[in-house]
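Below is one structure, written out as structure tokens; the observations come after it.
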Amino acid sequence: RQVLEKSALHDTYTTDDDKLKPSVTCPDSTLHARTADGSCNDLDDPTMGMRLYRFGRNAPIEKTFVDNINLLKPNPRHISNKLFKRKEFIPATSINLLAAAWLQFQTHDWFDHGLNQRDNHISVPLFGGDELQKRGIHSLKVFRTVSDPYQTRKDRPKTFRNANTHWWDASQLYGSDAETQLALREMKDGKLKVTSSGLIPLDKKTGVEKTGFSNNWWVGLSMLHNLFTREHNVICDVMKAKYPDMTDQELFDKARLVNAAVMSKLHTVEWTPALLYNDILDVGMNSNWFGLLSQLGDFGNLLKRFLPENYVLTGIPGSAKDLHGVPYSLTEEFTAVYRMHSILPDIIHLQDIKSAKRTGKTYALKDILFSKASKVVEKQGMENLFYTFGVENPGALVLHNYPNTIRDLQLPETQNAEYVDMATVDVLRDRERGVPRYNELRRHLNMAPAETFRDITDDPKVAEELEEMYEGDVEMVDLLVGCMAESPRPTGFAFSDTAFRLFLLMATRRLQADRFYTDYYNSATYTQEGLDWVENATMSSVLLRYFPSLEGALRGVTNAFRPWKLQQEPADSAGREGEL
Ligand code: HEM
């Protein structure tokens, strides 16, 4: 990671377009509080990481020009049909469905390229025999990503802007602009609005929950948004009880800081180790938050008092902020490796918490999307749904496992009513945004490029399929295809080693670049009660706070993102067999 910090972080701003950044001043009130739009996190450069700040790059800038000649080579719909289409559901048995919903929930905090241009599309021709032709569709329109109006240097690769704040600030819950945020607030005691049943109110026009970011909505997101809205409101209660003189604004600001830190912590010490179920990674990710010394128990705590401050030893929270010489932003390549739609099942088997068995009732993914989600939450209740998500498996991140529901998807009005095959979109978007293909990106991540298709995968059949699709040219393999095909994977890894390199680099950067996780991670900003709240939080404890009936189901569960039942079996049979 330290090598990549020097070689794989690139700023897309130039001194020419620096001048076009908005002018932002930071009032005193922003010193100990996150702003709605993410400005004033870096006090020397207040626009850094705010909403509409550009995405950076992990590949060198000169390697990120769009290859227009090969934009449609090979045809992305052909890739969708031949390499992605799910024939039979392949489960990822080492993680649960909660881990899948959590992943999307987090990406909605980090990035969004905004609504696509309505009047500018790439036309993807369909091959003979494509099932869509029977419905009179002969080409797919993929609307282009909205462009960056402030890019002045035409000799540089295209840049794009993040419609969300780049910070790990829970903007999916609180919004990325003041207007959205104000509309979500009760304006009393710091709280977020909830209905009399304790649920997030629905937008009357769309039927979807009114929250910070509500695109691509489904039951999994509804559950997590509701959970952390409750968490926000309970933190407000705790703060008010201790500090009765705090204003509504102060209570809101403190609860947001604490809630965001709870999520960052759970992602670092639970979600990531669940997906990279490997002892070394477990220590590694725990060290990001708690420090290596914490692994030594009381002896480590004693050592902390004598050793010089070093985040590797003591953990990033509370350590010195470090930008590694590059202004902070998330990157195009980071977005690209999170294209993990294969994790979604097409069918969800509902479980019954009392009998700990499947009920026999299933939900098709198409019936729990967008405005249908809230009805399912209301009908089934959050306990049963969380139980279902805790024990059921998501899809494995491999080829031939892309959910067909979203390969044939009508988006709602709020998302331009586009008709999409998401697998086609995923492949084409990376090309449209100048994300290097698989081999090229590996070179920039200090990884050996594949010389043959068998270097990508040890499955001869998959290697043959890739060779045919890419007409023998291994350099053309798309990043997403390479990541899904990659095997063998390090023990316990649910995703590829290539994606892992970027995760490792960017997971640390999200914490280290943010003053609220470093220089200002202290009681003056969070309050001591706030720091203790984060310290004590685990995913299980957050769930149990609101759903005590999950107690039995969570007994013995050390990582809430791994299948709950698997962890309850006797130690000798709860091994790591069958994982992907
Ligand atoms: C039912 C659930 C989901 C639906 C309906 C959905 C739909 C979409 C749509 C419509 C887009 C924008 C496509 C475009 O560029 O035009 C998108 C982007 C994306 N999705 Fe999903 N998605 C879902 C779940 C997930 C999950 C589980 C992940 C896992 C990480 C994920 C990761 C992404 C990423 C990384 C992008 C790119 C965002 C960007 O360009 O800024 N999605 N999804």
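In the structure tokens, chains take letters A, B, ... by order of appearance, with residues numbered from 1 within each chain and ligands from 1 in the order shown.
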**Q.** Protein and nucleic residues near ligand 1, 6 Å, only C-alpha atoms and all ligand atoms, as number ranges by chain
**A.** A: 100-101, 103-104, 111-113, 216, 218, 335, 338-341, 344
Q: Compile the contact shell of Ile90 (chain A) as a list in words: residues with an atom at most 10 Å away, counting only C-alpha atoms, same-chain residues fewer than 3 positions apart removed.
A: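 Answer for this query is Arg86, Lys87, Thr93, Ser342, Ile343, Pro345, Asn393, Pro394, Gly395, Ala396, Leu397, Val398, Leu399, His400, Asn401, Tyr402 and Leu580 of chain A.
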Q: Counting only C-alpha atoms, figure out which residue out of A:Tyr438, A:Ala274, A:Val427, A:Glu432 gets nearest to Leu83 (chain A).
A: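 Between A:Tyr438, A:Ala274, A:Val427, A:Glu432, the residue approaching Leu83 (chain A) most closely is A:Val427.
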Q. For Leu505 (chain A), which residue out of A:Glu383, A:Asp189, A:Glu333, A:Glu378 is the nearest one, using only C-alpha atoms?
A.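 Looking at the shortest contact to Leu505 (chain A), the residue is A:Glu333.
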Q: Select, from A:Asn70, A:Phe160, A:Val208, A:Gly38, the residue with the minimum atom-to-atom distance to Tyr174 (chain A), counting only C-alpha atoms.
A: A:Gly38
**Q.** Among listed residues A:Leu221, A:Leu227, A:Val269, A:Ile406, nearest Val425 (chain A) (using only C-alpha atoms)
**A.**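 Result for the nearest residue to Val425 (chain A): A:Ile406.
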Env of region 12-19 of chain A: 9 Å cut, atoms = only C-alpha atoms, seq-sep filter 2 positions within chain, self excluded. Answer as a short mmCIF file (atom, residue, chain, number, x, y, z; two decimals) with all heavy atoms, in the first residue's frame.
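Writing done, so here's result_10.cif:
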```cif
data_model
loop_
_atom_site.label_atom_id
_atom_site.label_comp_id
_atom_site.auth_asym_id
_atom_site.auth_seq_id
_atom_site.Cartn_x
_atom_site.Cartn_y
_atom_site.Cartn_z
N HIS A 10 -3.48 10.21 -8.32
CA HIS A 10 -3.24 11.30 -9.28
C HIS A 10 -4.39 12.30 -9.27
O HIS A 10 -5.56 11.91 -9.36
CB HIS A 10 -3.06 10.73 -10.69
CG HIS A 10 -1.95 9.72 -10.75
ND1 HIS A 10 -0.62 10.06 -10.82
CD2 HIS A 10 -1.97 8.35 -10.72
CE1 HIS A 10 0.12 8.97 -10.82
NE2 HIS A 10 -0.68 7.91 -10.77
N LYS A 21 -12.55 26.52 -9.46
CA LYS A 21 -13.17 25.91 -8.28
C LYS A 21 -13.98 26.99 -7.55
O LYS A 21 -13.57 28.15 -7.53
CB LYS A 21 -12.09 25.38 -7.33
CG LYS A 21 -11.45 24.09 -7.80
CD LYS A 21 -10.45 23.63 -6.76
CE LYS A 21 -9.65 22.43 -7.21
NZ LYS A 21 -8.50 22.15 -6.36
N PRO A 22 -15.12 26.63 -6.94
CA PRO A 22 -15.89 27.66 -6.23
C PRO A 22 -15.08 28.24 -5.07
O PRO A 22 -14.19 27.57 -4.54
CB PRO A 22 -17.10 26.87 -5.70
CG PRO A 22 -16.70 25.45 -5.72
CD PRO A 22 -15.68 25.29 -6.80
N ARG A 54 -13.95 16.95 -8.65
CA ARG A 54 -13.62 15.91 -9.65
C ARG A 54 -13.16 14.59 -9.05
O ARG A 54 -12.50 14.59 -8.01
CB ARG A 54 -12.46 16.40 -10.51
CG ARG A 54 -12.88 17.13 -11.70
CD ARG A 54 -11.67 17.54 -12.49
NE ARG A 54 -12.08 18.69 -13.28
CZ ARG A 54 -11.27 19.47 -13.93
NH1 ARG A 54 -9.97 19.26 -13.87
NH2 ARG A 54 -11.74 20.46 -14.62
N PHE A 55 -13.45 13.53 -9.78
CA PHE A 55 -12.82 12.25 -9.46
C PHE A 55 -11.35 12.34 -9.82
O PHE A 55 -10.99 12.95 -10.84
CB PHE A 55 -13.45 11.12 -10.27
CG PHE A 55 -14.79 10.69 -9.75
CD1 PHE A 55 -15.96 11.14 -10.34
CD2 PHE A 55 -14.88 9.83 -8.67
CE1 PHE A 55 -17.20 10.75 -9.86
CE2 PHE A 55 -16.13 9.43 -8.18
CZ PHE A 55 -17.28 9.89 -8.77
N GLY A 56 -10.51 11.71 -9.01
CA GLY A 56 -9.09 11.60 -9.34
C GLY A 56 -8.86 10.30 -10.10
O GLY A 56 -9.80 9.66 -10.59
N ARG A 57 -7.60 9.91 -10.18
CA ARG A 57 -7.21 8.69 -10.89
C ARG A 57 -6.21 7.88 -10.09
O ARG A 57 -5.39 8.45 -9.36
CB ARG A 57 -6.55 9.07 -12.23
CG ARG A 57 -7.47 9.74 -13.24
CD ARG A 57 -8.36 8.73 -13.89
NE ARG A 57 -9.21 9.34 -14.90
CZ ARG A 57 -10.03 8.67 -15.69
NH1 ARG A 57 -10.11 7.36 -15.59
NH2 ARG A 57 -10.76 9.28 -16.58
N ILE A 61 -2.33 9.94 -15.37
CA ILE A 61 -3.30 10.70 -16.16
C ILE A 61 -3.19 10.38 -17.66
O ILE A 61 -4.19 10.18 -18.35
CB ILE A 61 -3.10 12.23 -15.94
CG1 ILE A 61 -3.23 12.57 -14.46
CG2 ILE A 61 -4.05 13.04 -16.80
CD1 ILE A 61 -4.58 12.44 -13.84
N TYR A 150 -16.35 22.34 -16.25
CA TYR A 150 -15.22 23.21 -15.92
C TYR A 150 -13.89 22.72 -16.47
O TYR A 150 -12.84 23.22 -16.10
CB TYR A 150 -15.13 23.39 -14.40
CG TYR A 150 -16.36 24.10 -13.88
CD1 TYR A 150 -17.33 23.42 -13.17
CD2 TYR A 150 -16.55 25.46 -14.15
CE1 TYR A 150 -18.47 24.07 -12.72
CE2 TYR A 150 -17.69 26.11 -13.72
CZ TYR A 150 -18.64 25.41 -13.01
OH TYR A 150 -19.77 26.05 -12.58
N GLN A 151 -13.95 21.70 -17.31
CA GLN A 151 -12.67 21.21 -17.84
C GLN A 151 -12.20 22.15 -18.96
O GLN A 151 -12.88 22.30 -19.98
CB GLN A 151 -12.81 19.79 -18.37
CG GLN A 151 -11.49 19.23 -18.79
CD GLN A 151 -11.53 17.73 -19.07
OE1 GLN A 151 -12.60 17.17 -19.27
NE2 GLN A 151 -10.38 17.12 -19.10
N THR A 152 -11.06 22.79 -18.75
CA THR A 152 -10.60 23.76 -19.74
C THR A 152 -9.55 23.16 -20.68
O THR A 152 -9.44 23.55 -21.83
CB THR A 152 -9.96 24.98 -19.04
OG1 THR A 152 -9.02 24.48 -18.10
CG2 THR A 152 -11.01 25.82 -18.34
N ARG A 153 -8.79 22.20 -20.20
CA ARG A 153 -7.66 21.67 -20.99
C ARG A 153 -8.13 20.52 -21.88
O ARG A 153 -8.33 19.41 -21.42
CB ARG A 153 -6.57 21.19 -20.03
CG ARG A 153 -5.91 22.31 -19.23
CD ARG A 153 -4.73 22.89 -19.98
NE ARG A 153 -3.74 21.86 -20.29
CZ ARG A 153 -2.74 21.54 -19.48
NH1 ARG A 153 -2.59 22.16 -18.33
NH2 ARG A 153 -1.88 20.60 -19.83
N ARG A 156 -6.08 17.19 -22.23
CA ARG A 156 -6.02 16.23 -21.11
C ARG A 156 -7.19 15.24 -21.21
O ARG A 156 -8.21 15.56 -21.83
CB ARG A 156 -6.13 16.98 -19.77
CG ARG A 156 -5.13 18.10 -19.61
CD ARG A 156 -4.05 17.78 -18.67
NE ARG A 156 -4.51 17.39 -17.34
CZ ARG A 156 -3.69 16.97 -16.39
NH1 ARG A 156 -2.40 16.86 -16.64
NH2 ARG A 156 -4.15 16.63 -15.20
N PRO A 157 -7.08 14.09 -20.58
CA PRO A 157 -8.22 13.15 -20.61
C PRO A 157 -9.45 13.77 -19.96
O PRO A 157 -9.34 14.66 -19.12
CB PRO A 157 -7.72 11.96 -19.78
CG PRO A 157 -6.25 12.09 -19.74
CD PRO A 157 -5.92 13.54 -19.85
N THR A 159 -12.57 14.57 -17.67
CA THR A 159 -12.77 14.45 -16.22
C THR A 159 -14.26 14.37 -15.93
O THR A 159 -15.09 14.80 -16.73
CB THR A 159 -12.16 15.66 -15.49
OG1 THR A 159 -12.70 16.85 -16.06
CG2 THR A 159 -10.66 15.68 -15.59
#
```
Q: Compile the contact shell of Pro60 (chain A) as a list in words: residues with an atom at most 8 Å away, counting only C-alpha atoms, same-chain residues fewer than 4 positions apart removed.
A: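 Counting only the stated atoms, we get Ala8, His10, Thr64 and His444 of chain A.
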Selection to disk with C-alpha atoms, as a PDB file, in the first residue's frame:
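What follows is the written file part_32.pdb:
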```pdb
ATOM      1  CA  ALA A   8      -1.159   5.426  -7.756  1.00  0.00           C
ATOM      2  CA  HIS A  10      -3.239  11.297  -9.277  1.00  0.00           C
ATOM      3  CA  THR A  64      -6.707   7.564 -19.062  1.00  0.00           C
ATOM      4  CA  HIS A 444      -0.056   0.619 -12.549  1.00  0.00           C
TER       5      HIS A 444
END
```
Q) If you run DSSP on this backbone, which residues of region 432-529 of chain A come out as helix (DSSP H, G or I), and could you give them as an MDAnalysis selection string? A) chainID A and resid 432 438:444 453:455 460:469 474:476 479:485 497:512 523:526 528:529
Q: Please provide as a ChimeraX atom specification all residues within 12 Å of Gly198 (chain A), with the sequence filter that same-chain residues fewer than 6 positions apart are discarded (counting only C-alpha atoms).
A: /A:192,225-231,233-234,378,381-382,546
Selected residues written out, N, CA, C and O atoms, as a short mmCIF file (atom, residue, chain, number, x, y, z; two decimals), in the first residue's frame:
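What follows is the written file again.cif:
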```cif
data_model
loop_
_atom_site.label_atom_id
_atom_site.label_comp_id
_atom_site.auth_asym_id
_atom_site.auth_seq_id
_atom_site.Cartn_x
_atom_site.Cartn_y
_atom_site.Cartn_z
N LEU A 192 -33.54 13.23 12.72
CA LEU A 192 -34.02 13.05 11.34
C LEU A 192 -35.49 12.69 11.41
O LEU A 192 -35.94 12.06 12.38
N HIS A 225 -30.88 2.00 5.52
CA HIS A 225 -31.16 3.43 5.74
C HIS A 225 -32.04 3.60 6.98
O HIS A 225 -31.82 4.51 7.78
N ASN A 226 -33.04 2.72 7.13
CA ASN A 226 -33.89 2.82 8.32
C ASN A 226 -33.09 2.56 9.59
O ASN A 226 -33.25 3.25 10.59
N LEU A 227 -32.22 1.55 9.53
CA LEU A 227 -31.42 1.21 10.71
C LEU A 227 -30.57 2.39 11.17
O LEU A 227 -30.55 2.76 12.35
N PHE A 228 -29.87 3.01 10.22
CA PHE A 228 -28.94 4.07 10.63
C PHE A 228 -29.63 5.43 10.83
O PHE A 228 -29.06 6.32 11.46
N THR A 229 -30.87 5.55 10.36
CA THR A 229 -31.66 6.73 10.72
C THR A 229 -32.03 6.61 12.20
O THR A 229 -31.95 7.57 12.97
N ARG A 230 -32.41 5.40 12.60
CA ARG A 230 -32.71 5.17 14.03
C ARG A 230 -31.48 5.41 14.88
O ARG A 230 -31.56 6.01 15.96
N GLU A 231 -30.36 4.92 14.38
CA GLU A 231 -29.11 5.08 15.13
C GLU A 231 -28.83 6.59 15.33
O GLU A 231 -28.48 7.02 16.43
N ASN A 233 -30.97 9.02 15.50
CA ASN A 233 -31.90 9.62 16.46
C ASN A 233 -31.60 9.19 17.90
O ASN A 233 -31.75 9.97 18.83
N VAL A 234 -31.14 7.96 18.07
CA VAL A 234 -30.80 7.52 19.43
C VAL A 234 -29.52 8.22 19.92
O VAL A 234 -29.41 8.60 21.08
N GLU A 378 -42.65 -3.04 5.17
CA GLU A 378 -43.83 -2.93 6.04
C GLU A 378 -44.49 -4.29 6.24
O GLU A 378 -44.86 -4.67 7.33
N GLY A 381 -41.71 -6.91 7.99
CA GLY A 381 -41.10 -6.46 9.24
C GLY A 381 -39.58 -6.54 9.14
O GLY A 381 -39.03 -7.44 8.50
N MET A 382 -38.93 -5.60 9.80
CA MET A 382 -37.46 -5.50 9.67
C MET A 382 -36.76 -6.70 10.30
O MET A 382 -35.73 -7.13 9.81
N TYR A 546 -32.13 -2.13 18.19
CA TYR A 546 -33.49 -1.85 17.66
C TYR A 546 -34.31 -3.12 17.49
O TYR A 546 -35.53 -3.06 17.44
#
```
